[in-house]
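Read the structure below first, then the notes.
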Number of protein chains: 6
Amino acid sequence: MKIKVINPNTTLSMTRSIGEAARAAVSEETIIEAVSPSMGPVSIEGHYDEALASVGVIDEVRKGEVDGVDAYVLACFGDPGLMAARELATGPVIGIAQAAFHAASFAGRSFAIVTTLGRTLGRARDLVLEYGFERQCVAYRACEVPVLGLESDEEGSYRALEAECLDVLESTHADAIVLGCAGMAKMCARLSDRLGVPVVDGVAAGAAFAESLVRIGVGTCKTGEFAAPLPKQVDGLLESFSVS
Amino acid sequence: MKIKVINPNTTLSMTRSIGEAARAAVSEETIIEAVSPSMGPVSIEGHYDEALASVGVIDEVRKGEVDGVDAYVLACFGDPGLMAARELATGPVIGIAQAAFHAASFAGRSFAIVTTLGRTLGRARDLVLEYGFERQCVAYRACEVPVLGLESDEEGSYRALEAECLDVLESTHADAIVLGCAGMAKMCARLSDRLGVPVVDGVAAGAAFAESLVRIGVGTCKTGEFAAPLPKQVDGLLESFSVS
Amino acid sequence: MKIKVINPNTTLSMTRSIGEAARAAVSEETIIEAVSPSMGPVSIEGHYDEALASVGVIDEVRKGEVDGVDAYVLACFGDPGLMAARELATGPVIGIAQAAFHAASFAGRSFAIVTTLGRTLGRARDLVLEYGFERQCVAYRACEVPVLGLESDEEGSYRALEAECLDVLESTHADAIVLGCAGMAKMCARLSDRLGVPVVDGVAAGAAFAESLVRIGVGTCKTGEFAAPLPKQVDGLLESFSVS
Amino acid sequence: MKIKVINPNTTLSMTRSIGEAARAAVSEETIIEAVSPSMGPVSIEGHYDEALASVGVIDEVRKGEVDGVDAYVLACFGDPGLMAARELATGPVIGIAQAAFHAASFAGRSFAIVTTLGRTLGRARDLVLEYGFERQCVAYRACEVPVLGLESDEEGSYRALEAECLDVLESTHADAIVLGCAGMAKMCARLSDRLGVPVVDGVAAGAAFAESLVRIGVGTCKTGEFAAPLPKQVDGLLESFSVS
Amino acid sequence: MKIKVINPNTTLSMTRSIGEAARAAVSEETIIEAVSPSMGPVSIEGHYDEALASVGVIDEVRKGEVDGVDAYVLACFGDPGLMAARELATGPVIGIAQAAFHAASFAGRSFAIVTTLGRTLGRARDLVLEYGFERQCVAYRACEVPVLGLESDEEGSYRALEAECLDVLESTHADAIVLGCAGMAKMCARLSDRLGVPVVDGVAAGAAFAESLVRIGVGTCKTGEFAAPLPKQVDGLLESFSVS
Amino acid sequence: MKIKVINPNTTLSMTRSIGEAARAAVSEETIIEAVSPSMGPVSIEGHYDEALASVGVIDEVRKGEVDGVDAYVLACFGDPGLMAARELATGPVIGIAQAAFHAASFAGRSFAIVTTLGRTLGRARDLVLEYGFERQCVAYRACEVPVLGLESDEEGSYRALEAECLDVLESTHADAIVLGCAGMAKMCARLSDRLGVPVVDGVAAGAAFAESLVRIGVGTCKTGEFAAPLPKQVDGLLESFSVS
């Protein structure tokens with residue numbers, strides 16, 4: 001089985017650590033291919049960045065279909081391009097926010113999201129609503145570390161994240177923490193040990209669930225909303241995305 | 001006051017009729033500028049098309065800010081790129097699905113959406129949920145006419161649309177009909193006369209509400225989620241979208 | 001176009017400032033007629049007051065229909081008599097709470113209501129629920145200034161209102177403030193400058209949206225729930241409200 | 001214990017049968033006083049009628065407080081004036097729609113409302129929402145018999161009602177029927193025998209629950225929203241409702 | 001009329017005080033039979049305890065049906081075995097959490113639950129959701145006194161409970177308090193006097209409502225989900241629960 | 001890794017086929033132990049059966065903890081005893097209804113449940129609500145085959161199930177089918193081929209997700225609601241369940 005993990009931003013050091021987190025979450029016979037698109041923003045911290053990143057996600061799924069990929073994981077917490085990717089792919093496509101919410105809901109009654117910048121929490125709220133986790137998600141928090149700061153100052157970032165987690169647990173007694181950025185994957189185990197409650201990294205959850213779905217034969221329904229894109233001309237800068 | 005109405009697809013004949021519907025909905029001193037982006041799909045009928053169209057919407061809002069535009073209307077029923085546009089614009093940005101839902105909710109207790117292709121109804125559901133109209137929207141219907149078919153066979157399209165509207169009114173007694181495509185704007189008056197209930201075209205509603213919001217001084221809140229995009233490099237095909 | 005703005009209480013100084021706020025929100029060709037009923041309480045600060053005020057609202061809409069009014073705005077934040085007014089009127093009828101919620105929802109993801117007396121917040125909650133803005137409305141606050149106090153001590157009232165707004169913005173980061181009383185209309189611009197987020201006065205929003213709805217031809221659906229009242233005898237003190 | 005049952009319309013024959021239904025639902029030591037106001041519409045079949053009827057309800061509660069009434073039942077399915085009545089009364093006030101929904105929810109998972117005229121179903125929906133029974137109420141039906149028709153043609157009305165109940169049970173398998181008009185009280189037992197599922201008359205439910213609440217000492221909270229109306233002048237036709 | 005009040009735990013001193021609370025809530029002609037099952041935990045403070053207690057509840061309802069019981073009250077705030085009991089009983093079955101929520105919702109807009117141990121609040125949340133009181137229940141609190149502590153240290157327990165109630169009223173302004181344990185029944189009147197808002201004991205509410213439902217002829221619908229259990233062999237330790 | 005799959009009924013032939021479905025869903029190194037309790041009903045078709053089956057589930061989890069089990073799957077669609085099992089277990093516990101809903105929600109926007117007897121659909125509704133899938137689950141259907149009928153007449157059962165699935169897909173266009181009984185596991189692949197949409201068997205989904213959760217280190221939060229049961233005496237028939 002081949003699972004393609006797409007880091008929607010173009011920062012390759014982050015792609016590498018995402019790949020490692022995904023590999024640790026699946027069985028040995030499953031191949032993890034971790035990539036970044038050739039186009040798009042270096043990090044994703046708002047709606048503008050999300051919209052642009054979706055194009056690169058589409059591009060990578062398109063390529064993945066040629067390569068015989070069995071399932072995709074979109075490794076940005078805004079799940080950019082997820083719906084479009086489902087139209088393109090024949091196998092399952094999972095966003096890491098989606099995966100993390102599902103995993104956290106197995107851990108108890110409630111979870112709290114702790115992310116990078118506060119301005120991205122609106123997107124988190126939209127996804128919680130869209131996926132149906134309004135009751136379970138009891139807090140939305142940000143440690144105000146930029147995405148690339150997770151790489152450039154790993155220890156400082158960890159401390160800010162830990163502080164925010166401790167604070168939200170004290171005030172909400174949430175049963176689990178959901179990490180709000182793919183770049184936090186490598187801090188997950190340390191944080192879980194420290195906090196004493198389950199901490200969910202969406203990259204690991206996404207990879208594990210993608211493998212599960214392929215194994216039990218549950219892919220995207222292709223007969224309605226998520227059928228292949230209609231043949232159509234696309235103009236200008238994006239003309240290479242025309243569908244024939 | 002200058003309102004820029006962006007048709008997110010690249011079909012200019014549709015842009016023209018959208019511009020006319022918008023002009024009829026505002027006072028004489030307001031200038032309507034109706035445009036299509038230089039890039040993107042010729043019509044929008046699914047999530048893939050939406051994702052690609054968002055880039056063109058962003059491009060036009062970016063230009064509009066240079067031109068001193070006061071408000072924007074996104075004239076595609078999926079409201080593609082709305083969130084990103086709000087980050088870029090200093091004035092209000094309204095999607096036509098959003099505008100139509102708000103207008104219809106003044107007409108009574110319930111409305112029904114009648115759109116082009118059934119595969120786009122999932123997006124309509126997402127927007128109804130996101131904007132908070134779950135209770136008011138009592139039916140999602142499609143007449144299965146492609147977007148460009150609204151132009152190529154206007155009379156046939158009208159008949160299919162009318163039939164679907166009559167059917168949904170009979171079964172749900174909805175208080176209003178929301179037209180699910182900017183391309184249906186020109187059919188709105190005829191349909192309303194025929195059906196005997198309010199019929200809402202989002203282009204007209206969007207233009208009128210945009211003018212209202214500018215007049216009462218209610219724009220997008222720019223201090224949090226919708227602050228300007230962060231300075232950031234964008235790579236590859238999309239590098240012209242880098243923010244400095 | 002003639003829009004009748006009904007101040008449901010009988011305090012005429014308030015009616016005048018309401019009329020001014022409405023006039024500033026519409027185009028020049030639109031006529032604003034601001035009135036108070038000949039009957040009812042001098043201010044509206046609870047359910048008892050609301051129930052009594054509804055009768056005067058009905059009376060004014062009945063007269064307005066004779067006068068050829070195109071649309072109505074009910075200028076009390078409890079939207080008293082709105083449903084009954086819709087049965088009587090042939091054109092749109094908008095309550096200022098309703099209008100304010102709709103306007104605020106274009107400004108971002110969330111808004112906070114700041115009103116006069118805390119005992120009226122229950123009614124605000126009912127309207128938020130009924131109109132479908134539960135998710136957007138993130139706080140209900142009162143500055144505990146009585147309605148008539150807004151007129152008798154304008155500066156003191158403003159300061160109490162401002163303090164409450166600053167407090168709610170700090171604790172909720174709401175994207176907009178909704179003013180919870182028609183008597184606050186004149187404080188809207190000053191408050192908006194001070195707070196740095198959009199502040200919505202329902203009188204202005206109601207007038208602007210009423211004009212919009214007339215222009216785009218979306219009135220109340222008259223074929224079902226909001227058809228004209230049935231012919232019926234009314235007894236005793238209210239017999240002049242009999243419908244023949 | 002004295003329970004005042006207020007029929008908000010002025011049709012006394014209906015008041016009598018309502019009184020009988022209430023009396024059958026309480027213990028012998030409880031006194032039922034069934035009245036109609038001296039003012040208001042002869043029947044209540046829409047929002048206009050409701051608004052006018054609220055004034056008479058208020059008037060009767062005001063008198064009841066002088067008379068030492070322990071609890072009130074408002075015997076119209078729209079629960080007109082309920083909130084205002086709670087401000088006036090020191091004991092519990094129950095609307096029959098409210099009572100019926102609560103009673104029906106003890107009977108199983110779901111209920112269907114069957115009322116008189118279809119135009120009143122909007123009000124039923126508002127109450128279901130306000131009281132929190134959206135999930136339990138699975139159907140809204142009308143037999144299209146006017147309220148006074150229940151008296152003038154009892155057998156014909158019964159048959160229309162029975163037919164509608166049978167139809168809704170077949171299509172929804174609801175666990176209970178809620179009768180949507182106080183005038184249907186006398187048909188409740190016959191209908192229940194015929195249908196084989198619990199049928200709830202709100203008059204009986206309201207009287208029984210009012211007695212229960214007095215017995216267990218649970219009245220309206222009088223420290224906040226439902227404190228006594230504020231002292232206030234009321235003008236014109238309604239000046240007798242001034243509060244000193 | 002005979003109402004059987006089942007204390008699902010096996011602590012008989014608690015059963016006695018529960019019986020007294022129930023007796024005070026019904027008319028004189030109604031017989032209250034208060035019992036504990038012969039099997040099950042001595043107190044119920046978690047899901048494990050609930051699951052085991054359900055068996056004893058079933059056993060007592062089974063016996064009650066032989067004895068001609070008219071209605072049942074399940075006197076543990078988790079309403080253990082309620083659904084199963086409804087299948088077995090021909091008359092109404094009410095849980096005290098359910099009864100308390102209904103009673104409290106007549107007292108105003110909002111209530112707060114104050115219970116024994118915090119670990120039981122999850123169950124309270126589940127019941128609030130299942131019964132449809134999400135909007136009304138504005139706070140979930142625990143005084144961290146174990147169930148049997150209510151008996152062994154009554155004064156200390158009362159003080160802890162009172163302190164928690166005062167705190168939650170100050171922060172939420174809830175209109176009523178719901179006591180979260182049958183063992184608190186005897187503290188209800190004292191607490192209500194002290195707090196100045198209605199305090200609801202589910203045992204009293206359950207008994208009063210059970211009497212009401214029998215009187216108005218509204219029992220469980222027996223034609224669908226709650227029909228008698230199907231004939232079936234039960235194995236091992238529980239074989240005496242086989243249904244023939 | 002050892003996963004214990006508990007069939008909560010005592011029909012061993014069903015336990016065997018459940019074990020096979022689970023084994024096919026996990027990697028080779030994972031051990032599946034499929035068992036039935038020594039006590040409880042032979043099949044589970046209602047709330048009475050569920051309540052009794054919970055005891056056996058508890059018993060098997062208790063034993064599993066001694067045996068070093070890493071995760072549990074409860075293989076009955078009512079998820080009986082799930083909450084209690086979570087208190088007992090140190091690793092994750094998944095119910096098959098829960099697992100199936102999560103899996104189906106990855107397949108698209110909507111799913112339909114098709115189960116055995118209609119009387120069990122109420123429990124399915126409760127679980128959909130509790131787990132947060134109200135929006136996704138668009139239909140509840142029963143083929144009216146008893147649970148043991150799935151074994152005694154496999155072909156007839158399959159045909160009834162297929163017919164119901166085809167019917168619900170035609171009327172709702174759901175994106176996936178959720179099988180409402182562990183006994184249907186063996187029909188899953190055949191049905192999926194026939195229907196052309198994903199069909200989800202909760203046994204397979206539960207086993208796969210249990211393995212995933214263990215691998216990514218997300219178990220039940222043990223610091224609050226789901227901490228180990230408190231030490232407590234249990235009386236009578238169930239005294240062996242006392243906790244010391």
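Residues are referred to by chain and number: the chain letter is A, B, ... according to the order shown in the structure tokens, the number counts from 1 in that chain, and ligands are numbered separately from 1 in the order shown.
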Subject >> Exercise: E:Val200 partners within 7 Å, only C-alpha atoms, chain neighbours under 2 positions left out, as an MDAnalysis selection string >> reply: (chainID D and resid 218) or (chainID E and resid 100 104 177:179 198 202)
- Residues within 12 Å of B:Leu52, only C-alpha atoms, excluding chain neighbours under 2 positions, as a ChimeraX atom specification: /A:51-59,81,84-85,229,232-243 /B:8-10,37,39-50,54-59,80-81,238
Q.
I need the chain D residues near chain F as a count of residues only; criterion: at most 12 Å, counting only C-alpha atoms.
A. 9
Looking only at the backbone, which of the residues in stretch 78-235 of chain D does DSSP tag as helix (DSSP H, G or I), as a VMD selection string?
chain D and resid 82 to 88 96 to 106 118 to 131 149 to 152 154 to 172 182 to 195 202 to 216
Near-A:Leu12 list (10 Å; only C-alpha atoms; drop same-chain fewer than 5 positions) as a PyMOL selection string: chain A and resi 7+17-18+34-37+42
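Counting only C-alpha atoms and comparing A:Ser192, A:Val203, A:Ala112, A:Glu154, the residue that lies closest to A:Phe77 is A:Val203.
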Computed gap from atom CA of D:Thr90 to atom CA of D:Gly217 is 11.7 Å
Worksheet item: Looking only at the backbone, which of the residues in stretch 63-191 of chain C does DSSP tag as strand (DSSP E or B), as an MDAnalysis selection string?
Response: chainID C and resid 71:74 93:95 111:115 137:142 176:179
* **For A:Arg159: contacts at 12 Å, only C-alpha atoms, fewer than 3 positions along chain excluded, given as a list of chain:residue names** =>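 My reading of the contact set: A:Cys143, A:Glu144, A:Val145, A:Leu150, A:Asp153, A:Glu154, A:Glu155, A:Gly156, A:Glu162, A:Ala163, A:Glu164, A:Cys165, A:Leu166, A:Met184, A:Met187, A:Arg190, A:Leu191, A:Arg194.
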Would you mind exporting the chosen residues as a PDB file, in the first residue's frame, restricted to N, CA, C and O atoms?
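Result file is selection37.pdb:
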ATOM      1  N   CYS A 143      -0.571  29.377  20.632  1.00  0.00           N
ATOM      2  CA  CYS A 143       0.620  29.729  21.413  1.00  0.00           C
ATOM      3  C   CYS A 143       1.370  30.888  20.762  1.00  0.00           C
ATOM      4  O   CYS A 143       2.392  31.321  21.268  1.00  0.00           O
ATOM      5  N   GLU A 144       0.840  31.383  19.665  1.00  0.00           N
ATOM      6  CA  GLU A 144       1.393  32.549  18.941  1.00  0.00           C
ATOM      7  C   GLU A 144       2.857  32.368  18.525  1.00  0.00           C
ATOM      8  O   GLU A 144       3.645  33.315  18.518  1.00  0.00           O
ATOM      9  N   VAL A 145       3.192  31.145  18.169  1.00  0.00           N
ATOM     10  CA  VAL A 145       4.469  30.856  17.519  1.00  0.00           C
ATOM     11  C   VAL A 145       4.177  30.686  16.027  1.00  0.00           C
ATOM     12  O   VAL A 145       3.311  29.909  15.676  1.00  0.00           O
ATOM     13  N   LEU A 150       8.448  26.972  14.615  1.00  0.00           N
ATOM     14  CA  LEU A 150       8.502  25.625  15.187  1.00  0.00           C
ATOM     15  C   LEU A 150       9.795  24.930  14.808  1.00  0.00           C
ATOM     16  O   LEU A 150      10.287  24.059  15.538  1.00  0.00           O
ATOM     17  N   ASP A 153      13.127  27.643  16.223  1.00  0.00           N
ATOM     18  CA  ASP A 153      13.367  27.653  17.674  1.00  0.00           C
ATOM     19  C   ASP A 153      12.535  26.551  18.310  1.00  0.00           C
ATOM     20  O   ASP A 153      11.495  26.792  18.898  1.00  0.00           O
ATOM     21  N   GLU A 154      13.021  25.335  18.187  1.00  0.00           N
ATOM     22  CA  GLU A 154      12.222  24.188  18.583  1.00  0.00           C
ATOM     23  C   GLU A 154      11.970  24.170  20.084  1.00  0.00           C
ATOM     24  O   GLU A 154      10.845  23.936  20.525  1.00  0.00           O
ATOM     25  N   GLU A 155      12.988  24.460  20.869  1.00  0.00           N
ATOM     26  CA  GLU A 155      12.800  24.390  22.321  1.00  0.00           C
ATOM     27  C   GLU A 155      11.880  25.510  22.823  1.00  0.00           C
ATOM     28  O   GLU A 155      10.970  25.270  23.625  1.00  0.00           O
ATOM     29  N   GLY A 156      12.091  26.707  22.336  1.00  0.00           N
ATOM     30  CA  GLY A 156      11.220  27.819  22.731  1.00  0.00           C
ATOM     31  C   GLY A 156       9.784  27.567  22.315  1.00  0.00           C
ATOM     32  O   GLY A 156       8.840  27.855  23.069  1.00  0.00           O
ATOM     33  N   GLU A 162       3.641  23.950  25.407  1.00  0.00           N
ATOM     34  CA  GLU A 162       3.369  23.259  26.667  1.00  0.00           C
ATOM     35  C   GLU A 162       2.617  24.170  27.637  1.00  0.00           C
ATOM     36  O   GLU A 162       1.653  23.754  28.288  1.00  0.00           O
ATOM     37  N   ALA A 163       3.050  25.418  27.710  1.00  0.00           N
ATOM     38  CA  ALA A 163       2.395  26.360  28.631  1.00  0.00           C
ATOM     39  C   ALA A 163       0.924  26.542  28.260  1.00  0.00           C
ATOM     40  O   ALA A 163       0.042  26.549  29.128  1.00  0.00           O
ATOM     41  N   GLU A 164       0.682  26.675  26.975  1.00  0.00           N
ATOM     42  CA  GLU A 164      -0.705  26.871  26.532  1.00  0.00           C
ATOM     43  C   GLU A 164      -1.547  25.624  26.821  1.00  0.00           C
ATOM     44  O   GLU A 164      -2.702  25.715  27.245  1.00  0.00           O
ATOM     45  N   CYS A 165      -0.950  24.448  26.626  1.00  0.00           N
ATOM     46  CA  CYS A 165      -1.661  23.190  26.895  1.00  0.00           C
ATOM     47  C   CYS A 165      -1.997  23.060  28.372  1.00  0.00           C
ATOM     48  O   CYS A 165      -3.125  22.698  28.738  1.00  0.00           O
ATOM     49  N   LEU A 166      -1.031  23.348  29.215  1.00  0.00           N
ATOM     50  CA  LEU A 166      -1.280  23.250  30.658  1.00  0.00           C
ATOM     51  C   LEU A 166      -2.403  24.198  31.061  1.00  0.00           C
ATOM     52  O   LEU A 166      -3.288  23.850  31.856  1.00  0.00           O
ATOM     53  N   MET A 184       4.108  20.459  14.497  1.00  0.00           N
ATOM     54  CA  MET A 184       4.217  20.083  15.909  1.00  0.00           C
ATOM     55  C   MET A 184       4.347  18.572  16.103  1.00  0.00           C
ATOM     56  O   MET A 184       4.436  18.112  17.252  1.00  0.00           O
ATOM     57  N   MET A 187       6.772  17.064  18.508  1.00  0.00           N
ATOM     58  CA  MET A 187       6.651  17.400  19.933  1.00  0.00           C
ATOM     59  C   MET A 187       5.579  16.577  20.633  1.00  0.00           C
ATOM     60  O   MET A 187       5.377  16.715  21.843  1.00  0.00           O
ATOM     61  N   ARG A 190       6.595  13.959  23.648  1.00  0.00           N
ATOM     62  CA  ARG A 190       7.095  14.691  24.821  1.00  0.00           C
ATOM     63  C   ARG A 190       5.947  15.390  25.550  1.00  0.00           C
ATOM     64  O   ARG A 190       5.871  15.369  26.777  1.00  0.00           O
ATOM     65  N   LEU A 191       5.082  15.971  24.780  1.00  0.00           N
ATOM     66  CA  LEU A 191       3.963  16.713  25.345  1.00  0.00           C
ATOM     67  C   LEU A 191       2.992  15.774  26.067  1.00  0.00           C
ATOM     68  O   LEU A 191       2.492  16.065  27.146  1.00  0.00           O
ATOM     69  N   ARG A 194       4.299  14.783  29.375  1.00  0.00           N
ATOM     70  CA  ARG A 194       4.251  15.883  30.325  1.00  0.00           C
ATOM     71  C   ARG A 194       2.838  16.161  30.832  1.00  0.00           C
ATOM     72  O   ARG A 194       2.630  16.475  32.003  1.00  0.00           O
TER      73      ARG A 194
END
Near F:Asp79, within 10 Å and counting only C-alpha atoms, which residues show up once chain neighbours fewer than 4 positions away are dropped, as an NGL selection string? :F and (8 or 50 or 53-54 or 57 or 73-75 or 83 or 94-99 or 123-124 or 127)
message = Rounded to one decimal, what separation in Å do you get between atom CA of D:Asp70 and atom CA of E:Gly183?
response =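 Atom-to-atom, atom CA of D:Asp70 and atom CA of E:Gly183 are spaced 28.8 Å apart.
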B:Cys188 proximity check over B:Phe226, B:Tyr140, B:Tyr131, B:Tyr158, using only C-alpha atoms: winner is B:Tyr158
